[in-house]
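Comments concern the structure below.
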Amino acid sequence: ALRVLMASALLAEEPTAVIYLDGKGEESSLWHNVRAAVEPDEIDQVITEVTEEAQERRDLMRADRVATWTPTPERPRLVVVVDEGAEIIAMDSRRLSLVDRLCSLARVGRSRRIDVVWCTQKPTIGDGIPRQVNGVMDTRLVLRTAGATETRQVLGPEWRAHELTGAGLAYLSGTGRGPDQPPIQVWDLSGDETVTALPDREPWQHGQQRAEEDQGTDADADAEERQRALTVLTEM
């Protein structure tokens, strides 16, 4: 499910950049087209840059008298992916304060088009999901959990995610559908070659200006590359 989310963001029509905080330090080696951070100091630096970007967008929105940020190629929608949440919590310290700043971004980022996606294999409050993040999770995609306790904490008492069978089956909450919904089937992106075949993107950095000498040609090339990648995904 994590790979599907990141691939969908990279293939979106809306200008979008993915920022990947890889607490396990394994998966990020495949993603040549995202801003990745693995070590605690790297993650700290990336969170600092995203926080500064969020503050600048707030000031620009106030100056322009708008309540929602409009992504542009220079300042795109940012999808901040946290994987694995329990590892990021374990890295946290008074010096780095990773979790508090991620929680702040989760609270204020929506209108500024900065989305925080928290992924964990241990969906219990305090262990894999900070309480502050849990409170602002509008949409939740949950594959099979270890037991009823984990299901109840992440979805609620009437859900049965711990009873799911079959690869790729998941429940989706926050879309208006209740626990009586049938599970959905997520795309299978388990093949590493599918990830590495995704289109090239220049990883996001705060303050970086993406000057394009030939915008029309670049836009056409991007559209063709997105279509090719989508064809690969849908044919799997």
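We name chains A, B, ... following the order of the structure tokens; residues begin at 1 in each chain, and ligands are numbered from 1 as shown.
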Neighbour list for A:Met137 as number ranges by chain, cut-off 10 Å, only C-alpha atoms, skip fewer than 3 positions in-chain: A: 106-107, 116-118, 132-134, 140, 154, 173-174
Suppose we keep N, CA, C and O atoms; can you now write the selection as a short mmCIF file (atom, residue, chain, number, x, y, z; two decimals), in the first residue's frame?
data_model
loop_
_atom_site.label_atom_id
_atom_site.label_comp_id
_atom_site.auth_asym_id
_atom_site.auth_seq_id
_atom_site.Cartn_x
_atom_site.Cartn_y
_atom_site.Cartn_z
N ALA A 106 1.13 17.82 10.46
CA ALA A 106 -0.12 17.10 10.21
C ALA A 106 -1.33 17.96 10.55
O ALA A 106 -2.37 17.88 9.88
N ARG A 107 -1.20 18.80 11.58
CA ARG A 107 -2.33 19.63 11.99
C ARG A 107 -2.55 20.81 11.06
O ARG A 107 -3.70 21.16 10.75
N VAL A 116 0.77 14.76 5.48
CA VAL A 116 1.61 13.81 6.21
C VAL A 116 0.92 12.45 6.19
O VAL A 116 -0.24 12.32 6.59
N VAL A 117 1.63 11.45 5.68
CA VAL A 117 1.12 10.09 5.61
C VAL A 117 1.93 9.24 6.58
O VAL A 117 3.14 9.07 6.41
N TRP A 118 1.26 8.74 7.61
CA TRP A 118 1.96 8.00 8.67
C TRP A 118 1.73 6.51 8.46
O TRP A 118 0.60 6.04 8.51
N GLN A 132 -1.21 12.65 18.83
CA GLN A 132 -1.57 13.88 18.09
C GLN A 132 -1.84 13.59 16.62
O GLN A 132 -2.73 14.19 16.01
N VAL A 133 -1.06 12.68 16.03
CA VAL A 133 -1.28 12.32 14.63
C VAL A 133 -2.56 11.52 14.48
O VAL A 133 -3.35 11.73 13.55
N ASN A 134 -2.80 10.60 15.40
CA ASN A 134 -4.02 9.80 15.35
C ASN A 134 -5.26 10.67 15.34
O ASN A 134 -6.26 10.35 14.68
N ARG A 140 -7.88 6.54 6.51
CA ARG A 140 -7.03 5.46 7.01
C ARG A 140 -7.18 4.24 6.11
O ARG A 140 -8.29 3.79 5.85
N VAL A 154 -6.96 1.72 15.64
CA VAL A 154 -6.73 2.48 14.42
C VAL A 154 -8.02 2.74 13.63
O VAL A 154 -8.13 3.73 12.91
N SER A 173 -11.18 3.80 5.62
CA SER A 173 -12.13 4.62 6.39
C SER A 173 -11.87 6.09 6.12
O SER A 173 -10.81 6.48 5.66
N GLY A 174 -12.90 6.90 6.40
CA GLY A 174 -12.79 8.33 6.17
C GLY A 174 -13.32 8.77 4.84
O GLY A 174 -13.18 9.93 4.45
#
Those in stretch 10-159 of chain A with alpha helix (DSSP H) from DSSP, as a ChimeraX atom specification: /A:10,40-64,85-91,98-108,131-134,148-154
Distance in Å - atom CA of A:Tyr20 versus atom CA of A:Leu169: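 Those two atoms sit 23.9 Å apart.
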Selection: 10 Å around stretch 175-192 of chain A, only C-alpha atoms, excl. self and same-chain fewer than 6 positions, as a PyMOL selection string: chain A and resi 1-5+7+27+30-31+138-143+155-161+164+166-169+233-234+236
Pairwise distance for atom CA of A:Thr68 and atom CA of A:Met6, rounded to one decimal in Å: 22.8 Å
Distance criterion (only C-alpha atoms): nearest to A:Asp115 out of A:Ala146, A:Thr151, A:Ala36, A:Val81: A:Val81
Near-A:Pro123 list (9 Å; only C-alpha atoms; drop same-chain fewer than 6 positions) as a list in words: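 What passes the distance filter is Gly85, Ala86, Ile129, Thr145, Glu150, Thr151, Gln153 and Val154 of chain A.
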Would you output that residue set with all heavy atoms, as a CSV table (one decimal), in the first residue's frame?
chain,number,residue,atom,x,y,z
A,85,GLY,N,6.6,4.3,11.3
A,85,GLY,CA,6.3,5.2,12.3
A,85,GLY,C,7.0,4.9,13.7
A,85,GLY,O,7.4,5.8,14.4
A,86,ALA,N,7.0,3.6,14.0
A,86,ALA,CA,7.5,3.2,15.3
A,86,ALA,C,9.0,3.5,15.3
A,86,ALA,O,9.6,3.9,16.4
A,86,ALA,CB,7.3,1.7,15.5
A,129,ILE,N,1.9,5.0,16.4
A,129,ILE,CA,1.1,6.2,16.0
A,129,ILE,C,1.1,7.2,17.2
A,129,ILE,O,0.5,6.9,18.2
A,129,ILE,CB,-0.3,5.9,15.6
A,129,ILE,CG1,-0.3,4.8,14.5
A,129,ILE,CG2,-1.0,7.1,15.0
A,129,ILE,CD1,-1.7,4.3,14.1
A,145,THR,N,-4.4,-6.5,10.4
A,145,THR,CA,-3.7,-6.2,11.6
A,145,THR,C,-3.5,-7.5,12.5
A,145,THR,O,-4.0,-8.5,12.2
A,145,THR,CB,-4.5,-5.2,12.5
A,145,THR,OG1,-5.8,-5.8,12.8
A,145,THR,CG2,-4.8,-3.9,11.7
A,150,GLU,N,-5.4,-3.9,17.9
A,150,GLU,CA,-4.8,-3.0,16.9
A,150,GLU,C,-5.9,-2.4,16.0
A,150,GLU,O,-5.9,-1.2,15.7
A,150,GLU,CB,-3.8,-3.7,16.1
A,150,GLU,CG,-2.5,-4.0,16.8
A,150,GLU,CD,-2.6,-5.2,17.7
A,150,GLU,OE1,-3.6,-5.9,17.7
A,150,GLU,OE2,-1.6,-5.5,18.4
A,151,THR,N,-6.8,-3.3,15.6
A,151,THR,CA,-7.9,-2.8,14.7
A,151,THR,C,-8.8,-1.8,15.4
A,151,THR,O,-9.1,-0.7,14.8
A,151,THR,CB,-8.8,-4.0,14.3
A,151,THR,OG1,-8.1,-5.0,13.6
A,151,THR,CG2,-10.0,-3.5,13.5
A,153,GLN,N,-8.0,0.3,17.8
A,153,GLN,CA,-7.3,1.5,18.0
A,153,GLN,C,-7.2,2.4,16.8
A,153,GLN,O,-7.2,3.6,16.8
A,153,GLN,CB,-5.9,1.3,18.6
A,153,GLN,CG,-5.9,0.8,20.1
A,153,GLN,CD,-4.7,1.3,20.9
A,153,GLN,OE1,-3.9,2.1,20.4
A,153,GLN,NE2,-4.6,0.8,22.1
A,154,VAL,N,-7.0,1.7,15.6
A,154,VAL,CA,-6.7,2.5,14.4
A,154,VAL,C,-8.0,2.7,13.6
A,154,VAL,O,-8.1,3.7,12.9
A,154,VAL,CB,-5.7,1.8,13.5
A,154,VAL,CG1,-6.3,0.5,12.8
A,154,VAL,CG2,-5.1,2.7,12.5
